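One file, work-v8.tsv, carrying TSV, C-alpha atoms (C1' of nucleotides):
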chain	number	residue	atom	x	y	z
A	251	MET	CA	2.75	-12.63	7.72
A	252	PRO	CA	4.76	-9.50	6.88
A	253	VAL	CA	6.34	-8.85	3.51
A	254	GLU	CA	9.93	-7.67	3.84
A	255	LEU	CA	11.16	-5.47	1.01
A	256	THR	CA	14.39	-3.58	0.46
A	257	PRO	CA	14.11	0.06	-0.70
A	258	SER	CA	15.24	-0.99	-4.13
A	259	GLN	CA	12.75	-3.81	-4.34
A	260	ALA	CA	9.89	-1.64	-3.16
A	261	LEU	CA	10.37	0.97	-5.85
A	262	ARG	CA	11.19	-1.55	-8.55
A	263	LEU	CA	7.97	-3.37	-7.74
A	264	TRP	CA	5.98	-0.14	-7.99
A	265	HIS	CA	7.77	0.72	-11.19
A	266	ALA	CA	7.18	-2.60	-12.89
A	267	VAL	CA	3.51	-2.75	-11.93
A	268	SER	CA	2.77	0.84	-12.91
A	269	LEU	CA	4.54	0.44	-16.22
A	270	GLU	CA	2.83	-2.80	-17.12
A	271	GLN	CA	-0.58	-1.53	-16.04
A	272	VAL	CA	-0.16	1.54	-18.25
A	273	ARG	CA	0.84	-0.61	-21.19
A	274	VAL	CA	-1.97	-3.13	-20.74
A	275	ASP	CA	-4.94	-0.96	-19.79
A	276	SER	CA	-5.78	2.45	-21.21
A	277	ARG	CA	-7.87	3.39	-18.17
A	278	ASP	CA	-5.56	5.86	-16.48
A	279	LEU	CA	-6.91	6.10	-12.94
A	280	THR	CA	-5.51	8.68	-10.58
A	281	LEU	CA	-4.02	7.57	-7.29
A	282	ARG	CA	-7.14	8.84	-5.56
A	283	GLN	CA	-9.43	6.82	-7.77
A	284	MET	CA	-7.30	3.75	-7.24
A	285	ALA	CA	-7.45	4.23	-3.49
A	286	ILE	CA	-11.23	4.58	-3.61
A	287	LEU	CA	-11.62	1.51	-5.79
A	288	LEU	CA	-9.46	-0.64	-3.53
A	289	GLN	CA	-11.21	0.65	-0.44
A	290	ILE	CA	-14.55	-0.40	-1.89
A	291	TYR	CA	-13.39	-3.86	-2.83
A	292	LEU	CA	-11.16	-4.71	0.11
A	293	VAL	CA	-13.04	-3.24	3.04
A	294	PRO	CA	-16.38	-4.76	4.11
A	295	PRO	CA	-19.44	-2.75	3.03
A	296	PRO	CA	-21.42	-0.62	3.30
A	297	HIS	CA	-19.52	2.23	1.66
A	298	THR	CA	-20.92	5.73	1.51
A	299	VAL	CA	-19.69	8.95	-0.08
A	300	ARG	CA	-19.24	10.52	3.29
A	301	GLY	CA	-17.34	7.53	4.66
A	302	LEU	CA	-14.98	7.35	1.73
A	303	ALA	CA	-14.36	11.09	1.90
A	304	ALA	CA	-13.41	10.78	5.56
A	305	THR	CA	-11.21	7.75	4.96
A	306	LEU	CA	-9.25	9.41	2.17
A	307	GLY	CA	-9.17	12.83	3.75
A	308	VAL	CA	-10.81	14.55	0.76
A	309	THR	CA	-14.04	16.45	0.18
A	310	LYS	CA	-17.30	14.77	-0.79
A	311	PRO	CA	-17.40	16.13	-4.37
A	312	VAL	CA	-14.08	14.41	-4.99
A	313	ILE	CA	-15.74	11.10	-4.16
A	314	THR	CA	-18.88	11.89	-6.18
A	315	ARG	CA	-16.80	12.71	-9.25
A	316	ALA	CA	-14.60	9.66	-8.87
A	317	LEU	CA	-17.69	7.49	-8.63
A	318	ASP	CA	-19.13	9.19	-11.72
A	319	THR	CA	-16.00	8.36	-13.69
A	320	MET	CA	-15.48	4.86	-12.39
A	321	GLY	CA	-19.18	4.20	-12.71
A	322	SER	CA	-19.09	5.05	-16.40
A	323	LEU	CA	-16.10	2.74	-16.69
A	324	GLY	CA	-18.23	0.01	-15.12
A	325	LEU	CA	-15.94	-0.39	-12.15
A	326	VAL	CA	-18.47	0.54	-9.46
A	327	ASP	CA	-22.21	1.01	-9.08
A	328	ARG	CA	-24.39	3.23	-6.90
A	329	VAL	CA	-27.64	2.31	-5.16
A	330	ARG	CA	-29.86	4.42	-2.92
A	331	ASP	CA	-29.98	3.19	0.66
A	332	GLU	CA	-33.64	2.31	1.22
A	333	ARG	CA	-33.29	2.40	4.99
A	334	ASP	CA	-32.03	5.96	4.92
A	335	ARG	CA	-32.72	7.46	1.55
A	336	ARG	CA	-30.19	10.22	2.04
A	337	ASN	CA	-27.39	7.70	1.73
A	338	VAL	CA	-25.97	6.12	-1.37
A	339	ILE	CA	-24.46	2.68	-1.07
A	340	ILE	CA	-21.54	2.04	-3.38
A	341	LYS	CA	-21.67	-1.44	-4.89
A	342	ARG	CA	-19.03	-3.62	-6.46
A	343	THR	CA	-19.38	-4.85	-10.03
A	344	VAL	CA	-18.15	-7.89	-11.88
A	345	GLU	CA	-16.00	-5.72	-14.09
A	346	GLY	CA	-14.47	-3.95	-11.12
A	347	ALA	CA	-13.64	-7.26	-9.48
A	348	LEU	CA	-12.06	-8.41	-12.72
A	349	TYR	CA	-10.01	-5.23	-12.98
A	350	LEU	CA	-8.58	-5.68	-9.50
A	351	GLU	CA	-8.04	-9.38	-10.00
A	352	LYS	CA	-5.85	-8.58	-13.00
A	353	LEU	CA	-4.05	-5.92	-11.02
A	354	GLY	CA	-3.39	-8.43	-8.25
A	355	ASP	CA	-1.98	-10.92	-10.72
A	356	LEU	CA	0.24	-8.20	-12.11
A	357	ILE	CA	1.60	-7.34	-8.68
A	358	ILE	CA	2.25	-10.99	-7.86
A	359	ASN	CA	4.00	-11.66	-11.15
A	360	GLN	CA	6.16	-8.54	-10.98
A	361	GLY	CA	7.01	-9.37	-7.37
A	362	ARG	CA	8.23	-12.76	-8.41
A	363	LYS	CA	10.49	-11.22	-11.03
A	364	LEU	CA	12.33	-8.99	-8.58
B	747	MET	CA	15.47	-12.57	-4.76
B	748	PRO	CA	11.78	-12.87	-5.66
B	749	VAL	CA	8.99	-11.49	-3.52
B	750	GLU	CA	6.20	-14.00	-3.05
B	751	LEU	CA	2.77	-12.48	-2.45
B	752	THR	CA	-0.67	-14.01	-2.11
B	753	PRO	CA	-3.49	-12.39	-4.12
B	754	SER	CA	-4.88	-10.94	-0.91
B	755	GLN	CA	-1.51	-9.56	0.15
B	756	ALA	CA	-0.84	-8.02	-3.26
B	757	LEU	CA	-4.05	-6.01	-3.32
B	758	ARG	CA	-3.91	-5.12	0.35
B	759	LEU	CA	-0.41	-3.78	-0.17
B	760	TRP	CA	-1.55	-1.69	-3.12
B	761	HIS	CA	-4.54	-0.51	-1.12
B	762	ALA	CA	-2.60	0.51	1.96
B	763	VAL	CA	0.07	2.33	-0.01
B	764	SER	CA	-2.39	4.17	-2.27
B	765	LEU	CA	-4.53	5.19	0.65
B	766	GLU	CA	-1.64	6.43	2.74
B	767	GLN	CA	-0.06	8.26	-0.17
B	768	VAL	CA	-3.36	10.06	-0.87
B	769	ARG	CA	-3.67	11.04	2.76
B	770	VAL	CA	-0.10	12.24	3.10
B	771	ASP	CA	0.57	14.01	-0.20
B	772	SER	CA	-1.88	16.17	-2.12
B	773	ARG	CA	-0.04	15.64	-5.41
B	774	ASP	CA	-2.42	13.30	-7.16
B	775	LEU	CA	-0.32	11.79	-9.94
B	776	THR	CA	-1.97	9.61	-12.55
B	777	LEU	CA	-0.72	6.09	-13.06
B	778	ARG	CA	0.98	7.27	-16.25
B	779	GLN	CA	2.81	10.05	-14.49
B	780	MET	CA	3.90	7.66	-11.77
B	781	ALA	CA	5.20	5.20	-14.34
B	782	ILE	CA	7.15	7.97	-16.08
B	783	LEU	CA	8.61	9.24	-12.84
B	784	LEU	CA	9.75	5.79	-11.75
B	785	GLN	CA	11.16	5.04	-15.18
B	786	ILE	CA	13.27	8.19	-14.99
B	787	TYR	CA	14.59	7.44	-11.53
B	788	LEU	CA	15.08	3.70	-11.73
B	789	VAL	CA	16.39	3.20	-15.25
B	790	PRO	CA	19.86	4.49	-16.20
B	791	PRO	CA	19.84	7.72	-18.22
B	792	PRO	CA	19.63	9.25	-20.69
B	793	HIS	CA	15.86	9.58	-20.96
B	794	THR	CA	14.19	11.26	-23.90
B	795	VAL	CA	10.60	12.07	-24.71
B	796	ARG	CA	10.66	9.66	-27.58
B	797	GLY	CA	12.13	6.86	-25.48
B	798	LEU	CA	9.64	7.28	-22.68
B	799	ALA	CA	6.75	7.36	-25.13
B	800	ALA	CA	7.91	4.09	-26.65
B	801	THR	CA	8.48	2.46	-23.28
B	802	LEU	CA	5.04	3.34	-22.00
B	803	GLY	CA	3.26	2.78	-25.26
B	804	VAL	CA	1.79	6.29	-25.39
B	805	THR	CA	2.12	9.28	-27.71
B	806	LYS	CA	4.78	11.95	-27.35
B	807	PRO	CA	2.42	14.75	-26.26
B	808	VAL	CA	1.43	12.58	-23.31
B	809	ILE	CA	5.05	12.60	-22.20
B	810	THR	CA	5.47	16.32	-22.85
B	811	ARG	CA	2.42	17.14	-20.77
B	812	ALA	CA	3.42	14.82	-17.94
B	813	LEU	CA	6.86	16.46	-17.88
B	814	ASP	CA	5.21	19.89	-17.85
B	815	THR	CA	3.16	18.95	-14.82
B	816	MET	CA	5.84	17.08	-12.93
B	817	GLY	CA	8.34	19.77	-13.83
B	818	SER	CA	6.18	22.44	-12.24
B	819	LEU	CA	5.91	20.18	-9.20
B	820	GLY	CA	9.70	20.10	-9.12
B	821	LEU	CA	9.86	16.35	-9.60
B	822	VAL	CA	11.81	16.37	-12.87
B	823	ASP	CA	13.83	18.76	-15.00
B	824	ARG	CA	14.48	19.13	-18.72
B	825	VAL	CA	17.73	19.97	-20.47
B	826	ARG	CA	18.50	20.30	-24.15
B	827	ASP	CA	20.90	17.66	-25.44
B	828	GLU	CA	23.89	19.65	-26.69
B	829	ARG	CA	25.19	16.77	-28.78
B	830	ASP	CA	21.94	16.53	-30.72
B	831	ARG	CA	19.91	19.63	-30.10
B	832	ARG	CA	16.70	17.99	-31.28
B	833	ASN	CA	16.69	15.87	-28.15
B	834	VAL	CA	15.64	16.80	-24.65
B	835	ILE	CA	17.28	14.97	-21.77
B	836	ILE	CA	15.06	14.48	-18.74
B	837	LYS	CA	16.92	15.03	-15.51
B	838	ARG	CA	16.26	13.94	-11.96
B	839	THR	CA	15.85	16.46	-9.17
B	840	VAL	CA	16.46	16.39	-5.45
B	841	GLU	CA	12.77	16.85	-4.80
B	842	GLY	CA	11.87	14.00	-7.11
B	843	ALA	CA	14.34	11.70	-5.41
B	844	LEU	CA	12.86	12.69	-2.07
B	845	TYR	CA	9.35	12.01	-3.28
B	846	LEU	CA	10.26	8.51	-4.40
B	847	GLU	CA	12.26	7.85	-1.28
B	848	LYS	CA	9.19	8.57	0.79
B	849	LEU	CA	7.10	6.39	-1.47
B	850	GLY	CA	9.59	3.57	-1.03
B	851	ASP	CA	9.46	3.90	2.74
B	852	LEU	CA	5.68	3.80	2.56
B	853	ILE	CA	5.73	0.60	0.52
B	854	ILE	CA	8.19	-1.04	2.87
B	855	ASN	CA	6.26	-0.07	5.96
B	856	GLN	CA	2.91	-1.14	4.59
B	857	GLY	CA	4.46	-4.39	3.42
B	858	ARG	CA	5.65	-5.10	6.93
B	859	LYS	CA	2.16	-4.56	8.29
B	860	LEU	CA	0.56	-7.19	6.07
C	276	DG	C1'	-46.64	20.09	11.21
C	277	DG	C1'	-42.47	22.71	11.32
C	278	DC	C1'	-37.51	23.01	10.99
C	279	DA	C1'	-32.60	22.43	11.65
C	280	DA	C1'	-29.23	18.89	10.36
C	281	DA	C1'	-27.24	15.61	7.21
C	282	DA	C1'	-26.13	13.28	2.72
C	283	DG	C1'	-25.14	13.50	-1.80
C	284	DA	C1'	-25.35	15.93	-6.10
C	285	DA	C1'	-25.03	19.96	-9.06
C	286	DA	C1'	-23.22	24.44	-10.38
C	287	DC	C1'	-19.31	27.56	-11.05
C	288	DG	C1'	-14.89	28.97	-12.85
C	289	DC	C1'	-10.65	27.13	-13.48
C	290	DT	C1'	-6.84	23.73	-14.38
C	291	DT	C1'	-5.09	19.60	-16.36
C	292	DG	C1'	-5.26	15.78	-19.55
C	293	DC	C1'	-6.63	13.58	-23.91
C	294	DG	C1'	-5.77	12.37	-29.23
C	295	DT	C1'	-4.88	14.24	-33.51
C	296	DA	C1'	-2.68	17.23	-36.39
C	297	DA	C1'	0.39	20.84	-37.50
C	298	DC	C1'	4.72	23.27	-36.39
C	299	DG	C1'	9.66	24.96	-35.73
C	300	DA	C1'	14.25	23.49	-34.86
C	301	DT	C1'	17.88	20.47	-35.91
C	302	DC	C1'	20.14	16.70	-38.08
C	303	DG	C1'	22.29	13.89	-41.83
C	304	DT	C1'	23.01	13.39	-46.48
C	305	DC	C1'	23.29	14.63	-51.02
D	801	DG	C1'	23.27	24.90	-49.40
D	802	DA	C1'	19.06	22.26	-50.06
D	803	DC	C1'	15.93	18.80	-48.41
D	804	DG	C1'	13.69	14.86	-46.27
D	805	DA	C1'	13.64	12.84	-41.67
D	806	DT	C1'	13.51	13.23	-36.71
D	807	DC	C1'	12.56	15.37	-32.19
D	808	DG	C1'	9.93	17.73	-29.10
D	809	DT	C1'	6.38	21.18	-28.62
D	810	DT	C1'	2.18	23.66	-29.57
D	811	DA	C1'	-2.62	24.19	-31.10
D	812	DC	C1'	-7.26	22.58	-31.15
D	813	DG	C1'	-11.59	21.01	-29.35
D	814	DC	C1'	-13.11	18.29	-25.83
D	815	DA	C1'	-13.51	15.46	-21.45
D	816	DA	C1'	-12.44	15.08	-16.60
D	817	DG	C1'	-10.68	16.88	-12.17
D	818	DC	C1'	-10.29	20.51	-8.66
D	819	DG	C1'	-12.23	23.42	-4.42
D	820	DT	C1'	-15.94	26.06	-2.99
D	821	DT	C1'	-20.53	27.01	-2.72
D	822	DT	C1'	-25.34	26.10	-3.35
D	823	DC	C1'	-29.26	23.05	-3.86
D	824	DT	C1'	-32.48	18.98	-3.11
D	825	DT	C1'	-34.01	15.31	-0.67
D	826	DT	C1'	-34.59	13.02	3.50
D	827	DT	C1'	-34.28	12.45	8.36
D	828	DG	C1'	-35.03	13.17	13.25
D	829	DC	C1'	-36.71	15.85	16.80
D	830	DC	C1'	-39.60	19.38	19.06
Produce structure tokens that represent the structure in this file.
Amino acid sequence: MPVELTPSQALRLWHAVSLEQVRVDSRDLTLRQMAILLQIYLVPPPHTVRGLAATLGVTKPVITRALDTMGSLGLVDRVRDERDRRNVIIKRTVEGALYLEKLGDLIINQGRKL
Amino acid sequence: MPVELTPSQALRLWHAVSLEQVRVDSRDLTLRQMAILLQIYLVPPPHTVRGLAATLGVTKPVITRALDTMGSLGLVDRVRDERDRRNVIIKRTVEGALYLEKLGDLIINQGRKL
DNA sequence: GGCAAAAGAAACGCTTGCGTAACGATCGTC
DNA sequence: GACGATCGTTACGCAAGCGTTTCTTTTGCC
């Protein structure tokens, strides 16, 4: 079920959503952090630092720092993998789900307005 | 011509675009910077620091700093307003237009894949 | 038991961003 | 020509991000 957008619509959608998200929420995530957050919530677990680093094409410390920041914002959580204690499993949180739910609503509503 | 998206489609679109943009381009703009950039390119000029600050609901130094950064990336340019020399007019650049054109293509292509 | 490999975190020096407050330049008006 | 208002920038102290390198813990294999 593809979504067909004109060039103008595509950018206007991005514009409207970015603008409204900035106005509504003071948490100013970088594009990288946003990509990590969405990856965690939209792709089936488990998620590890190493896996996310590979998926995004960035180094591991980038992921560790992003998780530090988003963790302190309550958007994600970290748990040691008990089966292999070298790994850390990144967990979703209620607040993170809520954050993305609001973002989804924003995208839908701004899409309708185009 | 509204764009109707399901909640799943909306977030998957955001996910795919963010992820691909991170992989393709090392310039990691914040959501604020992205909103500023799109505002400049999609809304008719003139654009001033004061106007952008009001539109985004942030302070003026936030705009100044974002323009510093995006200016050094070549995405925007600044020119003194000769009619009222207190003002600064923010100008578009070829590189900025190219950046957004690529972003638009990305959105369109990822939308089609949904 | 010993040891290389792997995962994630921490350390380092640096850059960028923040909010608040102060500043210099310019304007309009008196 | 003086003066309050406006515009954008700069300064300040601090938090967060970067890439690279190093460290700690744990694993798997001999």
Item to check | Pick from B:Gln755, B:Glu766, B:Thr805, B:Met747, whichever lies nearest to Asp851 (chain B) using only C-alpha atoms | outcome: B:Glu766
Select all residues from chain D having any atom no more than 9 Å from an atom of chain B (counting all atoms listed in the file, ignoring ligands), output as an mmCIF file with C-alpha atoms (C1' of nucleotides), keeping the file's coordinate frame.
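Now in out-v8.cif:
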data_model
loop_
_atom_site.group_PDB
_atom_site.id
_atom_site.type_symbol
_atom_site.label_atom_id
_atom_site.label_comp_id
_atom_site.auth_asym_id
_atom_site.auth_seq_id
_atom_site.Cartn_x
_atom_site.Cartn_y
_atom_site.Cartn_z
ATOM 1 C "C1'" DT D 806 13.510 13.230 -36.710
ATOM 2 C "C1'" DC D 807 12.560 15.370 -32.190
ATOM 3 C "C1'" DG D 808 9.930 17.730 -29.100
ATOM 4 C "C1'" DT D 809 6.380 21.180 -28.620
#
Quick one: superpose chain A onto chain B using all C-alpha atoms paired in order, least squares, and give it to me as a short mmCIF file (atom, residue, chain, number, x, y, z; two decimals) with C-alpha atoms, in the frame of the given file.
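Result file is out-v1.cif:
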data_model
loop_
_atom_site.label_atom_id
_atom_site.label_comp_id
_atom_site.auth_asym_id
_atom_site.auth_seq_id
_atom_site.Cartn_x
_atom_site.Cartn_y
_atom_site.Cartn_z
CA MET A 251 15.47 -12.62 -4.82
CA PRO A 252 11.77 -12.88 -5.68
CA VAL A 253 9.00 -11.49 -3.52
CA GLU A 254 6.19 -14.01 -3.05
CA LEU A 255 2.77 -12.49 -2.43
CA THR A 256 -0.67 -14.01 -2.09
CA PRO A 257 -3.51 -12.38 -4.08
CA SER A 258 -4.86 -10.94 -0.88
CA GLN A 259 -1.52 -9.55 0.18
CA ALA A 260 -0.85 -8.03 -3.22
CA LEU A 261 -4.05 -6.03 -3.28
CA ARG A 262 -3.91 -5.13 0.39
CA LEU A 263 -0.41 -3.78 -0.15
CA TRP A 264 -1.57 -1.68 -3.09
CA HIS A 265 -4.55 -0.52 -1.09
CA ALA A 266 -2.60 0.51 1.98
CA VAL A 267 0.07 2.35 0.00
CA SER A 268 -2.39 4.16 -2.25
CA LEU A 269 -4.52 5.19 0.68
CA GLU A 270 -1.63 6.45 2.76
CA GLN A 271 -0.05 8.27 -0.17
CA VAL A 272 -3.34 10.05 -0.86
CA ARG A 273 -3.65 11.06 2.77
CA VAL A 274 -0.06 12.25 3.10
CA ASP A 275 0.58 14.01 -0.21
CA SER A 276 -1.87 16.17 -2.12
CA ARG A 277 -0.04 15.65 -5.41
CA ASP A 278 -2.42 13.29 -7.16
CA LEU A 279 -0.33 11.78 -9.95
CA THR A 280 -1.97 9.59 -12.54
CA LEU A 281 -0.72 6.06 -13.05
CA ARG A 282 0.95 7.22 -16.24
CA GLN A 283 2.79 10.01 -14.50
CA MET A 284 3.88 7.64 -11.77
CA ALA A 285 5.19 5.19 -14.35
CA ILE A 286 7.13 7.95 -16.10
CA LEU A 287 8.59 9.23 -12.85
CA LEU A 288 9.73 5.78 -11.75
CA GLN A 289 11.15 5.04 -15.18
CA ILE A 290 13.25 8.19 -14.99
CA TYR A 291 14.58 7.45 -11.54
CA LEU A 292 15.06 3.70 -11.73
CA VAL A 293 16.36 3.19 -15.24
CA PRO A 294 19.83 4.49 -16.19
CA PRO A 295 19.80 7.71 -18.24
CA PRO A 296 19.60 9.25 -20.71
CA HIS A 297 15.83 9.58 -20.96
CA THR A 298 14.17 11.25 -23.91
CA VAL A 299 10.55 12.07 -24.72
CA ARG A 300 10.59 9.66 -27.59
CA GLY A 301 12.10 6.88 -25.51
CA LEU A 302 9.62 7.27 -22.70
CA ALA A 303 6.73 7.36 -25.15
CA ALA A 304 7.90 4.08 -26.67
CA THR A 305 8.45 2.47 -23.28
CA LEU A 306 4.99 3.35 -22.01
CA GLY A 307 3.22 2.78 -25.29
CA VAL A 308 1.77 6.30 -25.44
CA THR A 309 2.12 9.27 -27.77
CA LYS A 310 4.81 11.92 -27.39
CA PRO A 311 2.45 14.73 -26.31
CA VAL A 312 1.42 12.58 -23.36
CA ILE A 313 5.04 12.57 -22.22
CA THR A 314 5.52 16.30 -22.90
CA ARG A 315 2.45 17.16 -20.83
CA ALA A 316 3.43 14.84 -18.00
CA LEU A 317 6.86 16.44 -17.91
CA ASP A 318 5.25 19.90 -17.90
CA THR A 319 3.17 18.97 -14.87
CA MET A 320 5.82 17.10 -12.96
CA GLY A 321 8.33 19.77 -13.85
CA SER A 322 6.17 22.44 -12.27
CA LEU A 323 5.89 20.18 -9.24
CA GLY A 324 9.69 20.09 -9.13
CA LEU A 325 9.83 16.35 -9.62
CA VAL A 326 11.79 16.37 -12.89
CA ASP A 327 13.83 18.77 -14.99
CA ARG A 328 14.48 19.13 -18.72
CA VAL A 329 17.76 19.99 -20.44
CA ARG A 330 18.53 20.32 -24.14
CA ASP A 331 20.93 17.68 -25.41
CA GLU A 332 23.93 19.66 -26.64
CA ARG A 333 25.22 16.79 -28.74
CA ASP A 334 21.98 16.58 -30.67
CA ARG A 335 19.95 19.68 -30.05
CA ARG A 336 16.75 18.06 -31.21
CA ASN A 337 16.71 15.91 -28.10
CA VAL A 338 15.69 16.83 -24.61
CA ILE A 339 17.31 14.99 -21.75
CA ILE A 340 15.07 14.48 -18.74
CA LYS A 341 16.94 15.03 -15.48
CA ARG A 342 16.25 13.94 -11.95
CA THR A 343 15.83 16.47 -9.16
CA VAL A 344 16.45 16.40 -5.45
CA GLU A 345 12.77 16.84 -4.79
CA GLY A 346 11.86 14.00 -7.11
CA ALA A 347 14.34 11.71 -5.41
CA LEU A 348 12.87 12.69 -2.06
CA TYR A 349 9.35 12.00 -3.28
CA LEU A 350 10.25 8.49 -4.39
CA GLU A 351 12.29 7.84 -1.29
CA LYS A 352 9.20 8.57 0.80
CA LEU A 353 7.11 6.39 -1.46
CA GLY A 354 9.60 3.56 -1.04
CA ASP A 355 9.48 3.89 2.73
CA LEU A 356 5.71 3.80 2.55
CA ILE A 357 5.72 0.60 0.53
CA ILE A 358 8.21 -1.05 2.88
CA ASN A 359 6.28 -0.07 5.98
CA GLN A 360 2.91 -1.15 4.60
CA GLY A 361 4.47 -4.41 3.44
CA ARG A 362 5.68 -5.10 6.92
CA LYS A 363 2.19 -4.56 8.31
CA LEU A 364 0.57 -7.17 6.09
#
Write out as a compact mmCIF listing (two decimals) with C-alpha atoms, in the coordinates of the input every residue belonging to chain B that has an atom at most 10 Å from any atom of chain A, counting all atoms listed in the file.
# COMPACT_ATOMS: atom_id res chain seq x y z
CA MET B 747 15.47 -12.57 -4.76
CA PRO B 748 11.78 -12.87 -5.66
CA VAL B 749 8.99 -11.49 -3.52
CA GLU B 750 6.20 -14.00 -3.05
CA LEU B 751 2.77 -12.48 -2.45
CA THR B 752 -0.67 -14.01 -2.11
CA PRO B 753 -3.49 -12.39 -4.12
CA SER B 754 -4.88 -10.94 -0.91
CA GLN B 755 -1.51 -9.56 0.15
CA ALA B 756 -0.84 -8.02 -3.26
CA LEU B 757 -4.05 -6.01 -3.32
CA ARG B 758 -3.91 -5.12 0.35
CA LEU B 759 -0.41 -3.78 -0.17
CA TRP B 760 -1.55 -1.69 -3.12
CA HIS B 761 -4.54 -0.51 -1.12
CA ALA B 762 -2.60 0.51 1.96
CA VAL B 763 0.07 2.33 -0.01
CA SER B 764 -2.39 4.17 -2.27
CA LEU B 765 -4.53 5.19 0.65
CA GLU B 766 -1.64 6.43 2.74
CA GLN B 767 -0.06 8.26 -0.17
CA VAL B 768 -3.36 10.06 -0.87
CA ARG B 769 -3.67 11.04 2.76
CA VAL B 770 -0.10 12.24 3.10
CA SER B 772 -1.88 16.17 -2.12
CA ARG B 773 -0.04 15.64 -5.41
CA ASP B 774 -2.42 13.30 -7.16
CA LEU B 775 -0.32 11.79 -9.94
CA THR B 776 -1.97 9.61 -12.55
CA LEU B 777 -0.72 6.09 -13.06
CA ARG B 778 0.98 7.27 -16.25
CA GLN B 779 2.81 10.05 -14.49
CA MET B 780 3.90 7.66 -11.77
CA ALA B 781 5.20 5.20 -14.34
CA ILE B 782 7.15 7.97 -16.08
CA LEU B 783 8.61 9.24 -12.84
CA LEU B 784 9.75 5.79 -11.75
CA GLN B 785 11.16 5.04 -15.18
CA TYR B 787 14.59 7.44 -11.53
CA LEU B 788 15.08 3.70 -11.73
CA VAL B 789 16.39 3.20 -15.25
CA THR B 801 8.48 2.46 -23.28
CA LEU B 802 5.04 3.34 -22.00
CA GLY B 803 3.26 2.78 -25.26
CA VAL B 804 1.79 6.29 -25.39
CA LEU B 846 10.26 8.51 -4.40
CA GLU B 847 12.26 7.85 -1.28
CA LYS B 848 9.19 8.57 0.79
CA LEU B 849 7.10 6.39 -1.47
CA GLY B 850 9.59 3.57 -1.03
CA ASP B 851 9.46 3.90 2.74
CA LEU B 852 5.68 3.80 2.56
CA ILE B 853 5.73 0.60 0.52
CA ILE B 854 8.19 -1.04 2.87
CA ASN B 855 6.26 -0.07 5.96
CA GLN B 856 2.91 -1.14 4.59
CA GLY B 857 4.46 -4.39 3.42
CA ARG B 858 5.65 -5.10 6.93
CA LYS B 859 2.16 -4.56 8.29
CA LEU B 860 0.56 -7.19 6.07
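When C1' of DC278 (chain C) is paired with C1' of DC830 (chain D), their separation reads 9.1 Å.
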Checklist entry - Contacts of DC829 (chain D) at 12 Å or less, counting all atoms listed in the file, minus same-chain residues fewer than 5 places along, as an NGL selection string? => result :C and (277-280)
Enclose region 344-363 of chain A, meaning all of its atoms listed in the file, in a box aligned along x, y and z, pad it by 3 Å on each side, and list the centre and edge lengths in Å to one decimal, as JSON.
{"center_x": -3.8, "center_y": -8.4, "center_z": -10.7, "size_x": 34.6, "size_y": 14.8, "size_z": 12.7}
Next on the checklist: Using Å and a single decimal, report how far CA of Val326 (chain A) sits from C1' of DT821 (chain D).
Outcome noted: 27.4 Å
Checklist entry - Quick one: residues within 12 Å of Asp823 (chain B), only C-alpha atoms (C1' of nucleotides) counted, chain neighbours fewer than 6 positions away excluded, as a ChimeraX atom specification? => result /B:783,786-787,793-794,810,812-817,834-843
Checklist entry - What does the distance between CA of Pro792 (chain B) and CA of Leu821 (chain B) come to in Å, to one decimal place? => result 16.4 Å
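Near chain B, within 12 Å and using only C-alpha atoms (C1' of nucleotides), the residues of chain C are DT290, DT291, DG292, DC293, DG294, DT295, DA296, DG299, DA300, DT301, DC302 and DG303 of chain C.
A distance cut-off of 12 Å around (-14.0, 27.9, -1.8), counting all atoms listed in the file, selects these protein and nucleic acid residues: Thr309 of chain A; DC287 and DG288 of chain C; DC818, DG819, DT820, DT821 and DT822 of chain D.
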